[in-house]
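Data file: upload_26.pdb. Format and content: PDB, C-alpha atoms, pLDDT in the B column.
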ATOM      1  CA  MET A   1      25.703  -6.498   2.857  1.00 52.00           C
ATOM      2  CA  ARG A   2      28.027  -4.809   5.377  1.00 52.00           C
ATOM      3  CA  ASP A   3      29.160  -2.360   2.642  1.00 55.00           C
ATOM      4  CA  ALA A   4      25.547  -1.300   2.144  1.00 53.00           C
ATOM      5  CA  ILE A   5      25.234  -0.561   5.847  1.00 51.00           C
ATOM      6  CA  VAL A   6      28.470   1.437   5.862  1.00 50.00           C
ATOM      7  CA  GLU A   7      27.203   3.464   2.882  1.00 50.00           C
ATOM      8  CA  ALA A   8      23.893   4.020   4.651  1.00 45.00           C
ATOM      9  CA  VAL A   9      25.654   5.670   7.575  1.00 48.00           C
ATOM     10  CA  ALA A  10      26.224   8.594   5.221  1.00 46.00           C
ATOM     11  CA  ALA A  11      22.449   8.665   4.618  1.00 51.00           C
ATOM     12  CA  PRO A  12      20.953   8.089   8.101  1.00 53.00           C
ATOM     13  CA  ALA A  13      17.364   8.302   6.839  1.00 61.00           C
ATOM     14  CA  GLN A  14      17.898   4.806   5.382  1.00 90.00           C
ATOM     15  CA  LEU A  15      18.837   3.380   8.783  1.00 93.00           C
ATOM     16  CA  LEU A  16      16.050   2.410  11.156  1.00 95.00           C
ATOM     17  CA  THR A  17      15.948   1.604  14.842  1.00 95.00           C
ATOM     18  CA  THR A  18      14.633  -1.821  15.809  1.00 95.00           C
ATOM     19  CA  GLY A  19      11.465  -0.094  17.029  1.00 94.00           C
ATOM     20  CA  GLU A  20      10.932   1.621  13.675  1.00 93.00           C
ATOM     21  CA  ALA A  21      11.597  -1.669  11.873  1.00 93.00           C
ATOM     22  CA  ALA A  22       9.072  -3.408  14.146  1.00 91.00           C
ATOM     23  CA  LYS A  23       6.400  -0.860  13.203  1.00 89.00           C
ATOM     24  CA  LEU A  24       7.064  -1.429   9.499  1.00 87.00           C
ATOM     25  CA  LEU A  25       6.917  -5.196   9.975  1.00 87.00           C
ATOM     26  CA  ASN A  26       3.895  -4.975  12.278  1.00 81.00           C
ATOM     27  CA  CYS A  27       5.715  -7.119  14.826  1.00 86.00           C
ATOM     28  CA  SER A  28       7.396  -6.749  18.196  1.00 88.00           C
ATOM     29  CA  ARG A  29      10.733  -5.001  18.609  1.00 91.00           C
ATOM     30  CA  GLN A  30      12.036  -8.206  20.187  1.00 91.00           C
ATOM     31  CA  HIS A  31      11.197 -10.104  16.997  1.00 89.00           C
ATOM     32  CA  VAL A  32      13.363  -7.645  15.029  1.00 92.00           C
ATOM     33  CA  VAL A  33      16.187  -8.132  17.552  1.00 93.00           C
ATOM     34  CA  ASN A  34      15.802 -11.899  17.145  1.00 89.00           C
ATOM     35  CA  LEU A  35      16.008 -11.532  13.351  1.00 90.00           C
ATOM     36  CA  CYS A  36      19.243  -9.589  13.820  1.00 91.00           C
ATOM     37  CA  ASP A  37      20.675 -12.109  16.273  1.00 89.00           C
ATOM     38  CA  ASP A  38      19.704 -15.034  14.013  1.00 83.00           C
ATOM     39  CA  GLY A  39      21.504 -13.441  11.069  1.00 85.00           C
ATOM     40  CA  GLN A  40      18.288 -12.951   9.092  1.00 85.00           C
ATOM     41  CA  LEU A  41      18.558  -9.159   9.245  1.00 91.00           C
ATOM     42  CA  ALA A  42      21.896  -7.381   8.874  1.00 93.00           C
ATOM     43  CA  PHE A  43      22.549  -4.577  11.323  1.00 94.00           C
ATOM     44  CA  THR A  44      25.149  -2.138  12.499  1.00 93.00           C
ATOM     45  CA  THR A  45      25.440  -0.537  15.888  1.00 91.00           C
ATOM     46  CA  VAL A  46      25.338   3.113  16.793  1.00 91.00           C
ATOM     47  CA  GLY A  47      26.643   3.235  20.329  1.00 91.00           C
ATOM     48  CA  THR A  48      24.921   0.225  21.843  1.00 92.00           C
ATOM     49  CA  HIS A  49      21.840   0.337  19.608  1.00 93.00           C
ATOM     50  CA  ARG A  50      21.172  -1.716  16.475  1.00 95.00           C
ATOM     51  CA  ARG A  51      20.331   0.009  13.208  1.00 96.00           C
ATOM     52  CA  VAL A  52      18.992  -1.800  10.145  1.00 95.00           C
ATOM     53  CA  LEU A  53      18.625  -0.807   6.530  1.00 94.00           C
ATOM     54  CA  ARG A  54      15.118   0.156   5.462  1.00 91.00           C
ATOM     55  CA  SER A  55      15.589  -1.885   2.257  1.00 89.00           C
ATOM     56  CA  ASP A  56      16.419  -5.018   4.292  1.00 90.00           C
ATOM     57  CA  VAL A  57      13.326  -4.491   6.433  1.00 89.00           C
ATOM     58  CA  GLU A  58      11.195  -4.024   3.306  1.00 85.00           C
ATOM     59  CA  ALA A  59      12.608  -7.267   1.884  1.00 83.00           C
ATOM     60  CA  ILE A  60      11.581  -9.128   5.038  1.00 83.00           C
ATOM     61  CA  ARG A  61       8.174  -7.448   5.000  1.00 78.00           C
ATOM     62  CA  THR A  62       7.409  -8.885   1.579  1.00 69.00           C
ATOM     63  CA  ARG A  63       8.761 -12.350   2.421  1.00 69.00           C
ATOM     64  CA  THR A  64       5.803 -14.393   3.615  1.00 54.00           C
ATOM     65  CA  ASP A  65       6.355 -17.933   2.400  1.00 56.00           C
ATOM     66  CA  ARG A  66       9.544 -18.994   4.237  1.00 69.00           C
ATOM     67  CA  LEU A  67       8.572 -20.475   7.576  1.00 79.00           C
ATOM     68  CA  SER A  68      10.951 -21.788  10.216  1.00 81.00           C
ATOM     69  CA  ARG A  69      10.400 -25.242  11.692  1.00 86.00           C
ATOM     70  CA  SER A  70       8.843 -23.608  14.752  1.00 88.00           C
ATOM     71  CA  ASP A  71       6.546 -21.521  12.507  1.00 88.00           C
ATOM     72  CA  ARG A  72       5.444 -24.636  10.601  1.00 90.00           C
ATOM     73  CA  ARG A  73       4.687 -26.410  13.880  1.00 93.00           C
ATOM     74  CA  SER A  74       2.705 -23.412  15.125  1.00 94.00           C
ATOM     75  CA  LEU A  75       0.788 -23.253  11.854  1.00 94.00           C
ATOM     76  CA  TRP A  76      -0.033 -26.961  12.029  1.00 95.00           C
ATOM     77  CA  LEU A  77      -1.470 -26.495  15.534  1.00 96.00           C
ATOM     78  CA  ALA A  78      -3.412 -23.486  14.238  1.00 97.00           C
ATOM     79  CA  PHE A  79      -5.062 -25.731  11.646  1.00 97.00           C
ATOM     80  CA  GLY A  80      -6.277 -27.949  14.482  1.00 97.00           C
ATOM     81  CA  ILE A  81      -7.509 -24.938  16.432  1.00 97.00           C
ATOM     82  CA  ALA A  82      -9.253 -23.640  13.308  1.00 97.00           C
ATOM     83  CA  GLY A  83     -11.122 -26.944  13.075  1.00 97.00           C
ATOM     84  CA  LYS A  84     -12.349 -26.512  16.648  1.00 97.00           C
ATOM     85  CA  VAL A  85     -13.366 -22.904  15.921  1.00 97.00           C
ATOM     86  CA  VAL A  86     -15.377 -23.984  12.885  1.00 97.00           C
ATOM     87  CA  ALA A  87     -16.982 -26.894  14.771  1.00 97.00           C
ATOM     88  CA  ASP A  88     -18.169 -24.710  17.674  1.00 97.00           C
ATOM     89  CA  PRO A  89     -17.529 -20.984  17.106  1.00 97.00           C
ATOM     90  CA  ASP A  90     -19.394 -19.827  20.208  1.00 97.00           C
ATOM     91  CA  GLN A  91     -17.449 -22.068  22.594  1.00 96.00           C
ATOM     92  CA  ALA A  92     -14.123 -21.221  20.944  1.00 97.00           C
ATOM     93  CA  ARG A  93     -14.865 -17.496  21.159  1.00 97.00           C
ATOM     94  CA  ALA A  94     -15.905 -17.748  24.820  1.00 97.00           C
ATOM     95  CA  LYS A  95     -12.688 -19.578  25.752  1.00 96.00           C
ATOM     96  CA  ALA A  96     -10.555 -17.149  23.757  1.00 97.00           C
ATOM     97  CA  ASP A  97     -12.288 -14.122  25.311  1.00 97.00           C
ATOM     98  CA  ALA A  98     -11.614 -15.507  28.800  1.00 96.00           C
ATOM     99  CA  GLN A  99      -7.988 -16.168  27.876  1.00 96.00           C
ATOM    100  CA  ILE A 100      -7.567 -12.630  26.503  1.00 97.00           C
ATOM    101  CA  ALA A 101      -8.836 -11.225  29.811  1.00 96.00           C
ATOM    102  CA  LYS A 102      -6.188 -13.256  31.688  1.00 96.00           C
ATOM    103  CA  MET A 103      -3.410 -12.376  29.236  1.00 95.00           C
ATOM    104  CA  ARG A 104      -4.189  -8.640  29.407  1.00 94.00           C
ATOM    105  CA  GLU A 105      -3.294  -8.642  33.110  1.00 95.00           C
ATOM    106  CA  THR A 106       0.396  -9.143  32.294  1.00 94.00           C
ATOM    107  CA  ALA A 107       0.688  -8.108  28.639  1.00 90.00           C
ATOM    108  CA  ARG A 108       2.875  -5.147  27.760  1.00 89.00           C
ATOM    109  CA  GLY A 109       3.833  -3.263  24.626  1.00 85.00           C
ATOM    110  CA  GLN A 110       3.164  -4.956  21.301  1.00 83.00           C
ATOM    111  CA  ALA A 111       1.642  -7.999  23.023  1.00 87.00           C
ATOM    112  CA  LYS A 112      -1.275  -5.789  24.104  1.00 91.00           C
ATOM    113  CA  GLU A 113      -1.781  -4.745  20.484  1.00 90.00           C
ATOM    114  CA  TRP A 114      -1.898  -8.381  19.355  1.00 91.00           C
ATOM    115  CA  LEU A 115      -4.476  -9.139  22.062  1.00 94.00           C
ATOM    116  CA  ASN A 116      -6.544  -6.182  20.860  1.00 94.00           C
ATOM    117  CA  GLU A 117      -6.300  -7.565  17.314  1.00 94.00           C
ATOM    118  CA  TRP A 118      -7.491 -10.983  18.517  1.00 97.00           C
ATOM    119  CA  ALA A 119     -10.418  -9.307  20.324  1.00 97.00           C
ATOM    120  CA  ARG A 120     -11.404  -7.562  17.063  1.00 96.00           C
ATOM    121  CA  LEU A 121     -11.126 -10.834  15.149  1.00 96.00           C
ATOM    122  CA  LEU A 122     -13.243 -12.666  17.726  1.00 97.00           C
ATOM    123  CA  ASP A 123     -15.974 -10.055  17.242  1.00 97.00           C
ATOM    124  CA  GLY A 124     -15.928 -10.498  13.461  1.00 96.00           C
ATOM    125  CA  PRO A 125     -16.926 -13.247  11.029  1.00 97.00           C
ATOM    126  CA  THR A 126     -15.726 -16.783  11.750  1.00 97.00           C
ATOM    127  CA  GLU A 127     -14.288 -17.038   8.240  1.00 96.00           C
ATOM    128  CA  GLN A 128     -11.987 -14.048   8.888  1.00 96.00           C
ATOM    129  CA  LEU A 129     -10.942 -15.446  12.265  1.00 97.00           C
ATOM    130  CA  VAL A 130     -10.011 -18.812  10.729  1.00 97.00           C
ATOM    131  CA  ALA A 131      -8.248 -17.188   7.764  1.00 95.00           C
ATOM    132  CA  THR A 132      -6.133 -15.032  10.067  1.00 94.00           C
ATOM    133  CA  LEU A 133      -5.418 -17.909  12.430  1.00 95.00           C
ATOM    134  CA  THR A 134      -3.956 -19.943   9.561  1.00 95.00           C
ATOM    135  CA  GLU A 135      -2.265 -17.273   7.453  1.00 91.00           C
ATOM    136  CA  ARG A 136       1.433 -17.734   6.681  1.00 87.00           C
ATOM    137  CA  SER A 137       2.316 -14.028   6.792  1.00 81.00           C
ATOM    138  CA  LEU A 138       4.481 -12.365   9.406  1.00 76.00           C
ATOM    139  CA  ARG A 139       1.297 -10.943  10.910  1.00 82.00           C
ATOM    140  CA  GLY A 140      -0.173 -14.442  11.199  1.00 88.00           C
ATOM    141  CA  ARG A 141       3.007 -15.734  12.821  1.00 87.00           C
ATOM    142  CA  GLU A 142       3.075 -12.886  15.347  1.00 85.00           C
ATOM    143  CA  LEU A 143      -0.598 -13.369  16.178  1.00 91.00           C
ATOM    144  CA  ARG A 144      -0.076 -17.092  16.756  1.00 92.00           C
ATOM    145  CA  GLN A 145       2.749 -16.242  19.183  1.00 89.00           C
ATOM    146  CA  ASN A 146       0.145 -14.315  21.194  1.00 92.00           C
ATOM    147  CA  SER A 147      -2.743 -16.739  20.689  1.00 94.00           C
ATOM    148  CA  PRO A 148      -5.692 -16.718  23.078  1.00 96.00           C
ATOM    149  CA  PHE A 149      -6.637 -20.273  22.121  1.00 96.00           C
ATOM    150  CA  ALA A 150      -4.619 -22.069  24.813  1.00 90.00           C
ATOM    151  CA  GLY A 151      -6.692 -24.919  26.179  1.00 92.00           C
ATOM    152  CA  LEU A 152      -9.006 -25.133  23.180  1.00 95.00           C
ATOM    153  CA  LEU A 153      -7.319 -28.363  22.109  1.00 96.00           C
ATOM    154  CA  THR A 154      -7.327 -31.184  24.621  1.00 95.00           C
ATOM    155  CA  LYS A 155      -3.990 -32.676  25.597  1.00 96.00           C
ATOM    156  CA  ALA A 156      -4.777 -35.777  23.520  1.00 97.00           C
ATOM    157  CA  GLU A 157      -5.762 -33.673  20.475  1.00 96.00           C
ATOM    158  CA  ARG A 158      -2.595 -31.599  20.778  1.00 96.00           C
ATOM    159  CA  GLU A 159      -0.396 -34.702  21.047  1.00 96.00           C
ATOM    160  CA  GLN A 160      -2.129 -36.284  18.049  1.00 96.00           C
ATOM    161  CA  LEU A 161      -1.650 -33.123  15.983  1.00 95.00           C
ATOM    162  CA  LEU A 162       2.019 -32.830  16.933  1.00 95.00           C
ATOM    163  CA  GLU A 163       2.646 -36.472  16.065  1.00 95.00           C
ATOM    164  CA  ALA A 164       0.981 -35.976  12.682  1.00 94.00           C
ATOM    165  CA  TRP A 165       3.006 -32.799  12.172  1.00 93.00           C
ATOM    166  CA  GLU A 166       6.286 -34.599  12.942  1.00 93.00           C
ATOM    167  CA  GLN A 167       5.466 -37.219  10.305  1.00 92.00           C
ATOM    168  CA  HIS A 168       4.412 -34.590   7.788  1.00 90.00           C
ATOM    169  CA  ASP A 169       7.305 -32.206   8.430  1.00 87.00           C
ATOM    170  CA  SER A 170      10.008 -34.848   8.300  1.00 86.00           C
ATOM    171  CA  GLY A 171       8.940 -35.614   4.717  1.00 78.00           C
ATOM    172  CA  ASN A 172       8.091 -32.022   3.780  1.00 61.00           C
ATOM    173  CA  PRO A 173      10.604 -29.550   5.248  1.00 51.00           C
ATOM    174  CA  ARG A 174       9.220 -26.357   3.638  1.00 51.00           C
TER     175      ARG A 174
END
Structure encoded using C-alpha cells:
Amino acid sequence: MRDAIVEAVAAPAQLLTTGEAAKLLNCSRQHVVNLCDDGQLAFTTVGTHRRVLRSDVEAIRTRTDRLSRSDRRSLWLAFGIAGKVVADPDQARAKADAQIAKMRETARGQAKEWLNEWARLLDGPTEQLVATLTERSLRGRELRQNSPFAGLLTKAEREQLLEAWEQHDSGNPR
C-alpha cells in the first residue's frame, strides 16, 4: 500500500487532499481524517497535510456493507426512530424541524449540508425519509451522525432498543 502512495507522488493528480476525498465520499473532512487515523485509509503527508490515493477513496466509496459496532448501534436506533416516524409522521417531522432549527445555530461546514439534506427529506415522502434513515451506506451513516431526531424516542424506548441491540449484536457481529 505504501509503495502505491510513493508511486503516486510522481503522479500528483492521483493524490487527493482530505477535503477532496470528503467531497467524493459525500462526508465530512473529519470523517476522512478519522479513516486515516483508524488505519482504514492509507495516507502520506505533504508537509503537514495528509494526501490519499484516489483509488483508495473510490474503494471506500463503493464499500457500503461493512459497519462498525458504533454504526450498527446507530442503525438499530434508527430502526426504532423509523417506527416512530411511520406511526406519527406529522409529530416526528415537527420535532425534527424544531431540532434542525436549534442545530443550525451552531452547525458549521459539512454539518450544515447534512441538516439541509434532512430538511429536504422531511419535506418529501415518508417512505423516502424512512429509507434514508435506515440505509447502510456511508451517506446514511453520515446523516445519522447529524440526526435531527433527538428526543423522538423516550428514555425508556431508547434503553429498551439498546438492550435489544446488545443481545442481537453479541450474537450477530456483522
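With all atoms listed in the file as the atoms that count, the minimum distance from Asn116 of chain A to the choices A:Pro148, A:Gly19, A:Gly39, A:Gly171 is reached by A:Pro148.
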Identify the residues around (-9.2, -23.1, 18.8) within a radius of 7 Å, measuring from all atoms listed in the file in the coordinates stated by the file, and give them as number ranges by chain. A: 81-82, 84-85, 92, 149, 152-153
Take the residues just selected and output them with C-alpha atoms as a CSV table (one decimal), keeping the file's coordinate frame.
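Result file result_3.csv:
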chain,number,residue,atom,x,y,z
A,81,ILE,CA,-7.5,-24.9,16.4
A,82,ALA,CA,-9.3,-23.6,13.3
A,84,LYS,CA,-12.3,-26.5,16.6
A,85,VAL,CA,-13.4,-22.9,15.9
A,92,ALA,CA,-14.1,-21.2,20.9
A,149,PHE,CA,-6.6,-20.3,22.1
A,152,LEU,CA,-9.0,-25.1,23.2
A,153,LEU,CA,-7.3,-28.4,22.1
Contacts of segment 27-31 of chain A at 6 Å or less, counting only C-alpha atoms, minus same-chain residues fewer than 4 places along, as a PyMOL selection string? chain A and resi 18-19+22+110
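The residue set within 12 Å of Asp97 of chain A, counting all atoms listed in the file and dropping same-chain residues fewer than 6 places from it, reads Pro89, Asp90, Gln91, Met103, Arg104, Leu115, Asn116, Glu117, Trp118, Ala119, Arg120, Leu121, Leu122, Asp123, Ser147, Pro148, Phe149, Ala150 and Leu152 of chain A.
For the residues A:Leu35, A:Ala94, A:Leu75, A:Leu67, ranking by smallest atom-to-atom distance to Gly151 of chain A using all atoms listed in the file places A:Ala94 first.
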Could you complete segment 74-88 of chain A so that it carries N, CA and C atoms, and give it back as a compact mmCIF listing (two decimals), in the frame of the given file?
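So part.txt came out as:
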# COMPACT_ATOMS: atom_id res chain seq x y z
N SER A 74 3.75 -24.31 14.63
CA SER A 74 2.70 -23.41 15.12
C SER A 74 1.52 -23.35 14.16
N LEU A 75 1.84 -23.30 12.87
CA LEU A 75 0.79 -23.25 11.85
C LEU A 75 -0.02 -24.54 11.86
N TRP A 76 0.66 -25.67 12.00
CA TRP A 76 -0.03 -26.96 12.03
C TRP A 76 -1.01 -27.01 13.20
N LEU A 77 -0.58 -26.55 14.38
CA LEU A 77 -1.47 -26.50 15.53
C LEU A 77 -2.63 -25.54 15.27
N ALA A 78 -2.35 -24.45 14.57
CA ALA A 78 -3.41 -23.49 14.24
C ALA A 78 -4.48 -24.12 13.35
N PHE A 79 -4.06 -25.02 12.46
CA PHE A 79 -5.06 -25.73 11.65
C PHE A 79 -6.01 -26.54 12.54
N GLY A 80 -5.44 -27.19 13.54
CA GLY A 80 -6.28 -27.95 14.48
C GLY A 80 -7.21 -27.04 15.26
N ILE A 81 -6.68 -25.91 15.70
CA ILE A 81 -7.51 -24.94 16.43
C ILE A 81 -8.60 -24.40 15.52
N ALA A 82 -8.26 -24.14 14.27
CA ALA A 82 -9.25 -23.64 13.31
C ALA A 82 -10.40 -24.63 13.15
N GLY A 83 -10.07 -25.92 13.15
CA GLY A 83 -11.12 -26.94 13.08
C GLY A 83 -12.06 -26.87 14.26
N LYS A 84 -11.51 -26.63 15.45
CA LYS A 84 -12.35 -26.51 16.65
C LYS A 84 -13.20 -25.24 16.59
N VAL A 85 -12.63 -24.16 16.06
CA VAL A 85 -13.37 -22.90 15.92
C VAL A 85 -14.55 -23.09 14.98
N VAL A 86 -14.31 -23.76 13.87
CA VAL A 86 -15.38 -23.98 12.88
C VAL A 86 -16.45 -24.92 13.45
N ALA A 87 -16.02 -25.93 14.21
CA ALA A 87 -16.98 -26.89 14.77
C ALA A 87 -17.90 -26.27 15.82
N ASP A 88 -17.37 -25.35 16.63
CA ASP A 88 -18.17 -24.71 17.67
C ASP A 88 -17.67 -23.29 17.92
